[in-house]
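For reference, model-v1.cif is printed below; it contains mmCIF, C-alpha atoms (C1' of nucleotides).
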data_coords
#
loop_
_atom_site.label_atom_id
_atom_site.label_comp_id
_atom_site.auth_asym_id
_atom_site.auth_seq_id
_atom_site.Cartn_x
_atom_site.Cartn_y
_atom_site.Cartn_z
CA MET N 21 134.95 -123.11 9.75
CA GLY N 22 133.83 -126.38 11.21
CA PRO N 23 136.23 -129.17 12.09
CA LYS N 24 133.38 -131.55 11.39
CA SER N 25 133.14 -130.26 7.84
CA ALA N 26 136.85 -130.61 7.24
CA GLU N 27 136.80 -134.13 8.62
CA ARG N 28 133.94 -135.13 6.36
CA GLY N 29 135.80 -133.51 3.48
CA ARG N 30 138.86 -135.66 4.06
CA GLU N 31 136.67 -138.73 4.21
CA VAL N 32 135.08 -137.88 0.88
CA ARG N 33 138.49 -137.20 -0.60
CA GLU N 34 139.54 -140.66 0.47
CA ARG N 35 136.44 -142.26 -1.04
CA LEU N 36 137.20 -140.55 -4.34
CA LEU N 37 140.74 -141.95 -4.33
CA VAL N 38 139.46 -145.47 -3.66
CA ALA N 39 136.83 -145.19 -6.36
CA ALA N 40 139.44 -143.89 -8.79
CA VAL N 41 141.72 -146.88 -8.23
CA GLU N 42 138.82 -149.27 -8.79
CA LEU N 43 137.75 -147.58 -11.99
CA ILE N 44 141.25 -147.24 -13.42
CA ALA N 45 141.53 -151.00 -13.14
CA GLU N 46 138.05 -151.65 -14.52
CA ARG N 47 137.91 -149.22 -17.44
CA GLY N 48 141.44 -148.03 -17.95
CA TRP N 49 143.00 -144.64 -17.29
CA GLY N 50 141.19 -142.90 -20.12
CA GLY N 51 137.88 -144.52 -19.25
CA VAL N 52 137.41 -142.82 -15.90
CA SER N 53 135.14 -139.79 -16.09
CA THR N 54 134.11 -137.14 -13.63
CA ARG N 55 130.65 -138.55 -13.25
CA THR N 56 131.50 -142.25 -13.04
CA VAL N 57 134.05 -141.75 -10.29
CA ALA N 58 131.72 -139.44 -8.38
CA GLU N 59 128.87 -141.93 -8.61
CA ARG N 60 131.11 -144.77 -7.44
CA ALA N 61 132.17 -142.68 -4.47
CA GLY N 62 128.55 -141.77 -3.79
CA VAL N 63 128.98 -138.01 -4.07
CA GLY N 64 128.00 -135.23 -6.44
CA ALA N 65 129.95 -134.81 -9.64
CA GLY N 66 131.16 -131.33 -8.75
CA LEU N 67 133.18 -132.61 -5.81
CA VAL N 68 135.83 -134.06 -8.07
CA HIS N 69 136.90 -130.59 -9.15
CA TYR N 70 136.58 -129.25 -5.64
CA HIS N 71 138.95 -131.72 -3.96
CA PHE N 72 141.13 -132.17 -7.01
CA GLY N 73 141.91 -129.69 -9.70
CA SER N 74 141.04 -132.03 -12.52
CA VAL N 75 140.25 -135.64 -13.26
CA GLN N 76 143.88 -136.18 -14.26
CA GLU N 77 145.08 -134.98 -10.87
CA LEU N 78 142.65 -137.29 -9.11
CA LEU N 79 143.82 -140.28 -11.13
CA SER N 80 147.48 -139.42 -10.59
CA ALA N 81 147.03 -138.99 -6.85
CA ALA N 82 145.07 -142.23 -6.59
CA ALA N 83 147.61 -144.24 -8.58
CA VAL N 84 150.62 -142.87 -6.71
CA ALA N 85 148.95 -143.50 -3.35
CA ALA N 86 148.17 -147.09 -4.32
CA MET N 87 151.72 -147.65 -5.51
CA ARG N 88 153.19 -146.21 -2.32
CA GLU N 89 151.02 -148.57 -0.31
CA VAL N 90 152.43 -151.56 -2.18
CA GLY N 91 155.95 -150.21 -1.71
CA GLY N 92 155.34 -150.05 2.01
CA SER N 93 154.14 -153.63 2.13
CA LEU N 94 157.37 -154.68 0.46
CA GLU N 95 159.29 -153.36 3.41
CA SER N 96 157.43 -155.51 5.90
CA LEU N 97 157.71 -158.45 3.53
CA LEU N 98 161.49 -158.29 3.45
CA GLU N 99 161.60 -158.38 7.22
CA GLN N 100 159.88 -161.74 7.35
CA VAL N 101 162.43 -163.73 5.35
CA GLU N 102 166.15 -164.06 4.95
CA ASP N 103 166.59 -166.21 1.87
CA PRO N 104 166.30 -164.25 -1.42
CA ALA N 105 164.47 -167.19 -2.95
CA ASP N 106 161.88 -167.01 -0.17
CA ALA N 107 161.48 -163.28 -0.73
CA LEU N 108 160.83 -163.91 -4.41
CA ARG N 109 158.30 -166.57 -3.50
CA LEU N 110 156.36 -164.13 -1.35
CA MET N 111 156.47 -161.39 -3.97
CA VAL N 112 155.40 -163.64 -6.80
CA SER N 113 152.72 -165.37 -4.76
CA SER N 114 150.52 -162.36 -5.41
CA LEU N 115 150.41 -163.72 -8.96
CA ASP N 116 148.20 -166.58 -7.84
CA ASP N 117 145.86 -164.36 -5.85
CA TYR N 118 145.38 -162.27 -8.93
CA THR N 119 142.08 -163.43 -10.37
CA GLY N 120 141.50 -160.39 -12.50
CA ASP N 121 139.62 -158.31 -9.96
CA ASP N 122 142.83 -157.26 -8.30
CA ALA N 123 142.81 -153.54 -8.83
CA VAL N 124 146.24 -152.58 -7.57
CA SER N 125 148.42 -154.63 -9.90
CA MET N 126 146.48 -153.31 -12.87
CA VAL N 127 146.88 -149.74 -11.66
CA PHE N 128 150.64 -150.16 -11.77
CA THR N 129 150.62 -150.81 -15.49
CA GLU N 130 148.09 -148.09 -16.16
CA ALA N 131 150.21 -145.65 -14.20
CA TYR N 132 153.32 -146.51 -16.19
CA LEU N 133 151.55 -145.70 -19.42
CA ALA N 134 149.90 -142.57 -18.10
CA ALA N 135 153.27 -141.39 -16.78
CA THR N 136 154.53 -141.46 -20.35
CA ARG N 137 152.10 -138.67 -21.19
CA ASP N 138 152.29 -136.61 -17.99
CA ALA N 139 155.64 -135.24 -16.86
CA GLN N 140 154.46 -134.55 -13.31
CA LEU N 141 153.11 -138.06 -12.89
CA ARG N 142 156.26 -139.50 -14.39
CA ASP N 143 158.39 -137.87 -11.71
CA GLN N 144 156.20 -139.20 -8.92
CA VAL N 145 156.06 -142.73 -10.31
CA ALA N 146 159.78 -142.72 -10.97
CA GLU N 147 160.38 -141.71 -7.37
CA VAL N 148 158.24 -144.53 -6.01
CA MET N 149 159.96 -147.06 -8.23
CA ALA N 150 163.43 -145.76 -7.37
CA GLU N 151 162.65 -146.10 -3.69
CA PHE N 152 161.34 -149.60 -4.27
CA ARG N 153 164.45 -150.62 -6.18
CA ALA N 154 166.84 -149.08 -3.69
CA ARG N 155 165.23 -150.93 -0.81
CA LEU N 156 165.24 -154.27 -2.59
CA ALA N 157 168.76 -153.75 -3.92
CA GLY N 158 170.14 -153.05 -0.45
CA TRP N 159 168.48 -156.17 0.87
CA LEU N 160 169.79 -158.33 -1.96
CA GLY N 161 173.28 -156.87 -1.77
CA ALA N 162 173.52 -157.64 1.93
CA ARG N 163 172.86 -161.27 1.06
CA GLY N 164 175.58 -161.66 -1.53
CA VAL N 165 173.53 -161.33 -4.71
CA ALA N 166 175.67 -159.99 -7.54
CA GLU N 167 174.83 -156.64 -9.11
CA PRO N 168 172.05 -155.93 -6.62
CA GLU N 169 170.86 -152.71 -8.29
CA ALA N 170 170.37 -154.27 -11.70
CA THR N 171 168.93 -157.41 -10.17
CA ALA N 172 166.35 -155.46 -8.22
CA ALA N 173 165.36 -153.58 -11.36
CA VAL N 174 164.93 -156.76 -13.38
CA VAL N 175 163.04 -158.53 -10.60
CA GLY N 176 160.61 -155.62 -10.36
CA ALA N 177 160.16 -155.42 -14.10
CA SER N 178 159.67 -159.18 -14.34
CA ILE N 179 156.93 -159.17 -11.76
CA ASP N 180 155.19 -156.30 -13.53
CA GLY N 181 155.40 -158.13 -16.83
CA LEU N 182 154.24 -161.41 -15.32
CA VAL N 183 151.23 -159.80 -13.67
CA MET N 184 150.18 -158.46 -17.06
CA GLN N 185 150.66 -161.70 -18.94
CA ARG N 186 149.04 -163.76 -16.21
CA ALA N 187 145.75 -162.14 -17.19
CA LEU N 188 146.15 -163.69 -20.64
CA ASP N 189 147.52 -167.05 -19.58
CA PRO N 190 146.20 -168.45 -16.29
CA ALA N 191 148.75 -171.28 -16.54
CA LEU N 192 151.45 -168.79 -15.63
CA THR N 193 151.35 -169.56 -11.93
CA SER N 194 153.99 -168.63 -9.38
CA GLU N 195 154.90 -172.29 -9.10
CA VAL N 196 155.85 -172.43 -12.78
CA VAL N 197 157.69 -169.15 -12.81
CA LEU N 198 159.51 -169.19 -9.50
CA PRO N 199 162.36 -171.57 -10.42
CA VAL N 200 163.36 -169.30 -13.27
CA LEU N 201 163.25 -166.15 -11.18
CA VAL N 202 165.31 -167.78 -8.47
CA ARG N 203 168.18 -168.14 -10.93
CA MET N 204 168.45 -164.37 -10.98
CA VAL N 205 169.18 -164.13 -7.25
CA GLN N 206 171.63 -166.97 -6.95
CA THR N 207 174.79 -165.90 -5.20
CA PRO N 208 177.94 -165.99 -7.36
CA GLY N 209 179.37 -168.99 -5.53
CA GLY N 210 176.22 -170.93 -6.20
CA ALA N 211 175.46 -171.31 -2.51
CA ARG N 212 172.13 -170.15 -1.18
CA TRP N 213 171.75 -167.82 1.77
CA ARG N 214 171.14 -169.33 5.16
CA SER N 215 170.43 -167.38 8.30
CA MET B 28 133.24 -152.36 -59.74
CA GLY B 29 136.77 -151.22 -60.29
CA PRO B 30 139.80 -153.22 -59.24
CA LYS B 31 141.45 -149.84 -58.75
CA SER B 32 138.85 -148.99 -56.15
CA ALA B 33 139.45 -152.16 -54.20
CA GLU B 34 143.19 -151.58 -54.35
CA ARG B 35 142.84 -148.05 -53.10
CA GLY B 36 140.53 -149.35 -50.40
CA ARG B 37 143.13 -151.76 -49.14
CA GLU B 38 145.68 -148.97 -49.12
CA VAL B 39 143.40 -146.76 -47.04
CA ARG B 40 142.73 -149.65 -44.68
CA GLU B 41 146.46 -149.99 -44.20
CA ARG B 42 146.89 -146.29 -43.54
CA LEU B 43 144.19 -146.46 -40.88
CA LEU B 44 146.00 -149.34 -39.17
CA VAL B 45 149.29 -147.41 -39.17
CA ALA B 46 147.62 -144.29 -37.84
CA ALA B 47 145.91 -146.32 -35.13
CA VAL B 48 149.21 -147.78 -33.89
CA GLU B 49 150.74 -144.31 -33.75
CA LEU B 50 147.83 -142.85 -31.84
CA ILE B 51 147.51 -145.73 -29.38
CA ALA B 52 151.11 -145.04 -28.41
CA GLU B 53 150.65 -141.27 -28.27
CA ARG B 54 147.32 -140.96 -26.50
CA GLY B 55 146.59 -144.39 -25.10
CA TRP B 56 143.96 -146.92 -26.11
CA GLY B 57 141.04 -144.90 -24.80
CA GLY B 58 142.34 -141.68 -26.29
CA VAL B 59 141.97 -142.68 -29.93
CA SER B 60 138.78 -141.36 -31.49
CA THR B 61 137.12 -141.83 -34.86
CA ARG B 62 138.05 -138.37 -36.04
CA THR B 63 141.64 -138.24 -34.80
CA VAL B 64 142.60 -141.51 -36.43
CA ALA B 65 140.85 -140.56 -39.67
CA GLU B 66 142.62 -137.21 -39.77
CA ARG B 67 145.99 -138.84 -39.11
CA ALA B 68 145.35 -141.24 -41.98
CA GLY B 69 144.23 -138.38 -44.18
CA VAL B 70 140.74 -139.68 -44.87
CA GLY B 71 137.17 -138.83 -43.98
CA ALA B 72 135.85 -139.80 -40.58
CA GLY B 73 133.20 -142.10 -41.98
CA LEU B 74 135.78 -144.48 -43.44
CA VAL B 75 136.64 -145.87 -40.04
CA HIS B 76 133.22 -147.45 -39.77
CA TYR B 77 133.27 -148.52 -43.39
CA HIS B 78 136.50 -150.52 -43.25
CA PHE B 79 136.11 -151.52 -39.61
CA GLY B 80 132.94 -152.15 -37.72
CA SER B 81 133.91 -149.91 -34.83
CA VAL B 82 136.80 -147.99 -33.36
CA GLN B 83 137.48 -150.89 -30.99
CA GLU B 84 137.83 -153.29 -33.90
CA LEU B 85 140.24 -150.96 -35.65
CA LEU B 86 142.38 -150.64 -32.54
CA SER B 87 142.37 -154.37 -31.93
CA ALA B 88 143.31 -155.17 -35.53
CA ALA B 89 146.08 -152.58 -35.49
CA ALA B 90 147.56 -153.79 -32.21
CA VAL B 91 147.46 -157.46 -33.17
CA ALA B 92 149.06 -156.74 -36.53
CA ALA B 93 151.85 -154.78 -34.88
CA MET B 94 152.44 -157.56 -32.37
CA ARG B 95 152.56 -160.22 -35.07
CA GLU B 96 155.16 -158.18 -36.91
CA VAL B 97 157.40 -158.15 -33.85
CA GLY B 98 156.84 -161.87 -33.36
CA GLY B 99 158.01 -162.48 -36.90
CA SER B 100 161.16 -160.48 -36.37
CA LEU B 101 161.97 -162.69 -33.40
CA GLU B 102 162.10 -165.69 -35.66
CA SER B 103 164.75 -164.19 -37.90
CA LEU B 104 166.62 -163.00 -34.83
CA LEU B 105 166.96 -166.51 -33.42
CA GLU B 106 168.46 -167.73 -36.66
CA GLN B 107 171.36 -165.34 -36.37
CA VAL B 108 172.80 -166.60 -33.09
CA GLU B 109 173.43 -169.85 -31.25
CA ASP B 110 174.33 -168.79 -27.72
CA PRO B 111 171.26 -168.03 -25.54
CA ALA B 112 173.17 -165.15 -23.99
CA ASP B 113 173.71 -163.66 -27.44
CA ALA B 114 170.02 -164.05 -28.24
CA LEU B 115 169.14 -162.19 -25.06
CA ARG B 116 171.62 -159.49 -25.97
CA LEU B 117 169.95 -158.97 -29.34
CA MET B 118 166.46 -158.96 -27.86
CA VAL B 119 167.34 -156.56 -25.10
CA SER B 120 169.43 -154.33 -27.31
CA SER B 121 166.19 -153.05 -28.75
CA LEU B 122 165.76 -151.55 -25.30
CA ASP B 123 168.39 -148.96 -26.10
CA ASP B 124 166.79 -148.07 -29.42
CA TYR B 125 163.45 -147.66 -27.73
CA THR B 126 163.57 -144.44 -25.80
CA GLY B 127 160.17 -145.18 -24.34
CA ASP B 128 158.19 -143.18 -26.83
CA ASP B 129 158.65 -145.94 -29.35
CA ALA B 130 155.27 -146.78 -30.76
CA VAL B 131 155.44 -150.55 -31.02
CA SER B 132 156.68 -151.32 -27.52
CA MET B 133 154.02 -149.02 -26.10
CA VAL B 134 151.31 -150.75 -28.13
CA PHE B 135 152.23 -154.04 -26.52
CA THR B 136 151.43 -152.77 -23.06
CA GLU B 137 148.30 -150.99 -24.21
CA ALA B 138 147.12 -154.17 -25.89
CA TYR B 139 147.66 -156.22 -22.74
CA LEU B 140 145.46 -153.87 -20.77
CA ALA B 141 142.81 -153.57 -23.47
CA ALA B 142 142.73 -157.37 -23.76
CA THR B 143 141.67 -157.47 -20.13
CA ARG B 144 138.43 -155.74 -21.10
CA ASP B 145 137.73 -157.39 -24.49
CA ALA B 146 137.40 -161.16 -24.67
CA GLN B 147 137.91 -161.29 -28.43
CA LEU B 148 141.10 -159.24 -28.25
CA ARG B 149 142.32 -161.32 -25.34
CA ASP B 150 142.13 -164.49 -27.42
CA GLN B 151 144.07 -162.93 -30.27
CA VAL B 152 146.77 -161.46 -28.04
CA ALA B 153 147.06 -164.69 -26.10
CA GLU B 154 147.55 -166.57 -29.36
CA VAL B 155 150.34 -164.26 -30.49
CA MET B 156 152.08 -164.53 -27.14
CA ALA B 157 151.69 -168.32 -27.01
CA GLU B 158 153.27 -168.60 -30.44
CA PHE B 159 156.09 -166.34 -29.33
CA ARG B 160 156.72 -168.36 -26.19
CA ALA B 161 156.57 -171.71 -27.97
CA ARG B 162 159.12 -170.60 -30.53
CA LEU B 163 161.51 -169.21 -27.95
CA ALA B 164 161.01 -172.19 -25.61
CA GLY B 165 161.87 -174.67 -28.35
CA TRP B 166 164.98 -172.74 -29.20
CA LEU B 167 166.09 -172.54 -25.57
CA GLY B 168 165.28 -176.18 -24.87
CA ALA B 169 167.40 -177.34 -27.80
CA ARG B 170 170.30 -175.52 -26.20
CA GLY B 171 170.07 -177.11 -22.79
CA VAL B 172 168.32 -174.39 -20.85
CA ALA B 173 166.32 -175.83 -17.97
CA GLU B 174 162.55 -175.42 -17.93
CA PRO B 175 162.45 -173.81 -21.37
CA GLU B 176 158.71 -173.05 -21.31
CA ALA B 177 158.80 -171.18 -18.04
CA THR B 178 162.06 -169.51 -18.96
CA ALA B 179 160.65 -168.24 -22.23
CA ALA B 180 157.62 -166.88 -20.41
CA VAL B 181 159.70 -165.05 -17.84
CA VAL B 182 162.12 -163.68 -20.42
CA GLY B 183 159.22 -162.30 -22.44
CA ALA B 184 157.56 -160.80 -19.40
CA SER B 185 160.84 -159.31 -18.22
CA ILE B 186 161.44 -157.56 -21.51
CA ASP B 187 157.90 -156.19 -21.49
CA GLY B 188 158.38 -154.92 -17.97
CA LEU B 189 161.79 -153.45 -18.73
CA VAL B 190 160.51 -151.62 -21.80
CA MET B 191 157.85 -149.99 -19.62
CA GLN B 192 160.18 -149.01 -16.81
CA ARG B 193 162.84 -147.81 -19.21
CA ALA B 194 160.51 -144.93 -20.04
CA LEU B 195 160.74 -143.86 -16.40
CA ASP B 196 164.41 -144.56 -15.85
CA PRO B 197 166.71 -143.99 -18.83
CA ALA B 198 169.58 -145.46 -16.81
CA LEU B 199 168.02 -148.88 -17.30
CA THR B 200 170.12 -149.72 -20.35
CA SER B 201 170.62 -153.14 -21.86
CA GLU B 202 174.21 -153.08 -20.64
CA VAL B 203 173.06 -152.80 -17.04
CA VAL B 204 170.30 -155.34 -17.31
CA LEU B 205 171.83 -158.01 -19.50
CA PRO B 206 174.07 -159.72 -16.90
CA VAL B 207 171.03 -160.37 -14.72
CA LEU B 208 168.92 -161.73 -17.54
CA VAL B 209 171.72 -164.03 -18.64
CA ARG B 210 171.51 -165.81 -15.30
CA MET B 211 168.07 -167.02 -16.30
CA VAL B 212 169.33 -168.88 -19.37
CA GLN B 213 172.37 -170.51 -17.83
CA THR B 214 172.47 -174.23 -18.51
CA PRO B 215 172.17 -176.44 -15.41
CA GLY B 216 175.80 -177.53 -15.57
CA GLY B 217 176.88 -173.94 -15.55
CA ALA B 218 178.53 -174.30 -18.95
CA ARG B 219 177.54 -171.94 -21.72
CA TRP B 220 176.47 -173.11 -25.16
CA ARG B 221 179.09 -173.25 -27.87
CA SER B 222 178.40 -173.97 -31.53
"C1'" DA A 30 120.36 -114.77 15.90
"C1'" DA A 31 123.49 -113.56 12.58
"C1'" DA A 32 127.70 -114.09 10.14
"C1'" DC A 33 131.32 -116.89 8.59
"C1'" DG A 34 133.45 -120.47 5.77
"C1'" DC A 35 134.13 -125.03 4.21
"C1'" DC A 36 131.63 -128.54 1.92
"C1'" DT A 37 128.23 -130.17 -1.35
"C1'" DT A 38 124.89 -130.24 -4.98
"C1'" DG A 39 123.08 -130.23 -9.53
"C1'" DG A 40 122.39 -127.76 -13.62
"C1'" DG A 41 124.59 -125.65 -17.58
"C1'" DC A 42 127.85 -124.99 -21.41
"C1'" DA A 43 131.02 -125.81 -25.18
"C1'" DA A 44 133.41 -129.42 -27.03
"C1'" DG A 45 134.01 -134.03 -28.32
"C1'" DT A 46 132.23 -138.87 -28.80
"C1'" DG A 47 130.60 -143.22 -31.77
"C1'" DC A 48 127.95 -144.38 -35.26
"C1'" DC A 49 124.68 -143.69 -39.11
"C1'" DC A 50 123.45 -142.35 -43.75
"C1'" DA A 51 122.20 -139.72 -47.93
"C1'" DA A 52 124.87 -138.03 -51.42
"C1'" DA A 53 129.07 -137.64 -54.19
"C1'" DT A 54 133.14 -139.87 -56.52
"C1'" DC A 55 135.18 -142.79 -59.76
"C1'" DA A 56 136.99 -146.55 -62.56
"C1'" DA A 57 135.23 -150.67 -65.01
"C1'" DG A 58 131.60 -153.02 -67.82
"C1'" DG A 59 127.36 -152.69 -70.52
"C1'" DC K 6 126.74 -142.65 -72.61
"C1'" DC K 7 124.84 -144.87 -68.81
"C1'" DT K 8 124.83 -148.16 -65.39
"C1'" DT K 9 127.10 -150.61 -61.71
"C1'" DG K 10 129.00 -151.08 -57.34
"C1'" DA K 11 132.64 -150.39 -54.19
"C1'" DT K 12 134.66 -146.37 -52.01
"C1'" DT K 13 134.54 -141.90 -49.84
"C1'" DT K 14 132.70 -137.73 -47.90
"C1'" DG K 15 130.70 -134.72 -44.59
"C1'" DG K 16 126.87 -133.56 -41.98
"C1'" DG K 17 123.66 -135.02 -38.39
"C1'" DC K 18 121.97 -137.29 -34.09
"C1'" DA K 19 121.94 -138.56 -29.41
"C1'" DC K 20 125.04 -138.82 -25.96
"C1'" DT K 21 129.15 -138.06 -22.85
"C1'" DT K 22 132.93 -135.32 -21.63
"C1'" DG K 23 135.58 -131.81 -18.35
"C1'" DC K 24 134.92 -127.97 -15.98
"C1'" DC K 25 132.41 -124.00 -14.12
"C1'" DC K 26 129.30 -121.79 -10.88
"C1'" DA K 27 125.23 -120.06 -8.48
"C1'" DA K 28 122.80 -121.86 -4.73
"C1'" DG K 29 122.16 -124.26 -0.56
"C1'" DG K 30 123.62 -126.98 3.77
"C1'" DC K 31 125.78 -127.13 8.12
"C1'" DG K 32 128.78 -126.73 12.14
"C1'" DT K 33 131.38 -123.05 14.38
"C1'" DT K 34 132.15 -118.51 15.91
"C1'" DT K 35 130.64 -113.95 17.14
#
Take the structure in this file and express it as structure tokens.
Amino acid sequence: MGPKSAERGREVRERLLVAAVELIAERGWGGVSTRTVAERAGVGAGLVHYHFGSVQELLSAAAVAAMREVGGSLESLLEQVEDPADALRLMVSSLDDYTGDDAVSMVFTEAYLAATRDAQLRDQVAEVMAEFRARLAGWLGARGVAEPEATAAVVGASIDGLVMQRALDPALTSEVVLPVLVRMVQTPGGARWRS
Amino acid sequence: MGPKSAERGREVRERLLVAAVELIAERGWGGVSTRTVAERAGVGAGLVHYHFGSVQELLSAAAVAAMREVGGSLESLLEQVEDPADALRLMVSSLDDYTGDDAVSMVFTEAYLAATRDAQLRDQVAEVMAEFRARLAGWLGARGVAEPEATAAVVGASIDGLVMQRALDPALTSEVVLPVLVRMVQTPGGARWRS
DNA sequence: AAACGCCTTGGGCAAGTGCCCAAATCAAGG
DNA sequence: CCTTGATTTGGGCACTTGCCCAAGGCGTTT
């Protein structure tokens, strides 16, 4: 076999994943077809079933990869701040960037729903979310926030919900929402963290 | 014409709406077809386009109706309690009843995503949510909760997000989550409402 | 040059899609 | 009885769907 061929194959595989994420956001999970995703990636339709067993497997792989990427960016985000309120500000600030063409935040919601109907996908998504929560909970707990596990779960769920509703109500900016979210990460004594 | 015919027509229309809500939850917005929804309702396939202009219109009408129903139940819920923490407890307690495969909570998320791709649906969903938020915000404001509008928005978004994630993590019970949510509705002085 | 093997293409098939429409149904009014 | 008019049916059309597969391309190895 040729190493050149394998390399090109991996590059095509990557293009299919990117195209899948775009189209999941644009048309919804059920609206992505073999031919549309192949055309977007600029390859023949048959390649979808060559690199991935089925359209469902392509969509699942694309969504999980996108979610893992976001989870990784959380890690570097938490290293930049010390105050929980500042961390929330950075996380929620993505709300304002979200103009509607942000594919990744939409893919999160689509993946949640698709996971409801696919046991294999559910396990993968649950794993990503558990990792996310554990990381955030450890960080919050080290800074005196009460019930760090539950707090991390609610913070994550709140951001997911806010991203969805922001598409319906542009007035729901991070500036409006942040003061309320900050109440969730107040330390029991009422004092805020300082480095 | 026969009044009986019109009456039966309205009954069939209702059955189509119910079937649509069920199928949106089971198969997702894009997975509901003319024939599946007609079969579930026990009628011929042609009736979908007789009572509704298109499948999209049927789905939108069904989702909005289901959402309005939930919004109405919120109103009666707020009349039963006085403490904001108790109100949250009642709202979130539905989390435990909803195992994740609950039709209505799933339809909410599906409707949010579908509204992103249908301007007409977006307006209707936004109206329902605005009404919901206004009602809750007024109730919270009258009880001394700071920034009632933003708080109502975040509470609503949090519950939406929690309902989604609860399908992935059954450990996310109302008992675990409630203490964190209550922090959001604490009155500025730190005192809790008493009747 | 020939053989090998991964990658890629595009056509083909059965099944399903939304929507349309002629024909049937049926209770009320003439 | 016959008409009326809303309701309902089921078949049909053009189209898309997921997936398969024979055929070809191309770098590497022999």
Check: which chain K residues lie within 9 Å of chain N using only C-alpha atoms (C1' of nucleotides), as a tab-separated table (two decimals) with C-alpha atoms (C1' of nucleotides), in the frame of the given file:
chain	number	residue	atom	x	y	z
K	22	DT	C1'	132.93	-135.32	-21.63
K	23	DG	C1'	135.58	-131.81	-18.35
K	24	DC	C1'	134.92	-127.97	-15.98
K	31	DC	C1'	125.78	-127.13	8.12
K	32	DG	C1'	128.78	-126.73	12.14
K	33	DT	C1'	131.38	-123.05	14.38
K	34	DT	C1'	132.15	-118.51	15.91
Would you mind telling me which residue in B:Val119, B:Leu208, B:Ala47, B:Val108 lies nearest to chain N when using all atoms listed in the file?
B:Leu208
Find the residues of chain B that sit at most 7 Å from chain N; for each, write down the nearest two atoms and how far apart they are in Å, to one decimal. Count only C-alpha atoms. Sort by chain, then by number going up, and give it as CSV.
residue,atom,partner,partner_atom,distance
B:Gly57,CA,N:Gly50,CA,5.1
B:Gly58,CA,N:Gly50,CA,6.4
B:Tyr139,CA,N:Met184,CA,6.6
B:Thr143,CA,N:Ala187,CA,6.9
B:Arg149,CA,N:Leu188,CA,6.5
B:Ala153,CA,N:Leu188,CA,5.6
B:Ala177,CA,N:Val197,CA,5.7
B:Thr178,CA,N:Val200,CA,5.8
B:Val181,CA,N:Val197,CA,6.8
B:Ala184,CA,N:Gly181,CA,4.3
B:Ser185,CA,N:Ser178,CA,4.1
B:Asp187,CA,N:Gly181,CA,5.6
B:Gly188,CA,N:Ala177,CA,4.3
B:Leu189,CA,N:Ala177,CA,5.3
B:Met191,CA,N:Tyr132,CA,6.7
B:Gln192,CA,N:Ala177,CA,7.0
B:Ala194,CA,N:Thr136,CA,6.9
B:Leu195,CA,N:Ala146,CA,5.6
B:Asp196,CA,N:Ala146,CA,7.0
B:Val203,CA,N:Ala170,CA,6.2
B:Val204,CA,N:Ala170,CA,5.7
B:Val207,CA,N:Thr171,CA,5.8
B:Arg210,CA,N:Met204,CA,5.5
B:Met211,CA,N:Arg203,CA,5.5
Which residues of chain A come within 12 Å of chain N, and for each one, what is the closest pair of atoms and their distance in Å to one decimal, counting only C-alpha atoms (C1' of nucleotides), sorted by chain and residue number, as CSV?
residue,atom,partner,partner_atom,distance
A:DA32,C1',N:Met21,CA,11.6
A:DC33,C1',N:Met21,CA,7.3
A:DG34,C1',N:Met21,CA,5.0
A:DC35,C1',N:Met21,CA,5.9
A:DC36,C1',N:Ser25,CA,6.3
A:DT37,C1',N:Leu67,CA,7.1
A:DT38,C1',N:Gly64,CA,6.1
A:DG39,C1',N:Gly64,CA,7.7
A:DG40,C1',N:Gly66,CA,10.6
Mind giving me the straight-line distance from CA of Ala93 (chain B) to CA of Val131 (chain B) in Å, one decimal?
6.8 Å
Here CA of Pro111 (chain B) and CA of Arg160 (chain B) stand apart by 14.6 Å
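What separates CA of Leu43 (chain B) from CA of Val127 (chain N) is a distance of 29.5 Å.
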Which residues match the PyMOL selection byres ((chain N and resi 94) around 12) in the file above, as a PyMOL selection string?
chain N and resi 87-93+95-101+107-108+110-112+114+149+151-156+159+176
Centre, x/y/z edge lengths, axis-aligned box for region 33-45 of chain A with 5 Å per side, as JSON:
{"center_x": 128.3, "center_y": -125.5, "center_z": -9.9, "size_x": 21.7, "size_y": 27.1, "size_z": 46.9}
Tell me which protein, DNA and RNA residues are within 12 Å of DA19 (chain K), counting all atoms listed in the file, leaving out same-chain ones fewer than 2 positions away, and put them as a JSON list (two decimals) with C-alpha atoms (C1' of nucleotides), in the coordinates of the input.
[["chain", "number", "residue", "atom", "x", "y", "z"],
["A", 46, "DT", "C1'", 132.23, -138.87, -28.80],
["A", 47, "DG", "C1'", 130.60, -143.22, -31.77],
["A", 48, "DC", "C1'", 127.95, -144.38, -35.26],
["A", 49, "DC", "C1'", 124.68, -143.69, -39.11],
["K", 17, "DG", "C1'", 123.66, -135.02, -38.39],
["K", 21, "DT", "C1'", 129.15, -138.06, -22.85]]
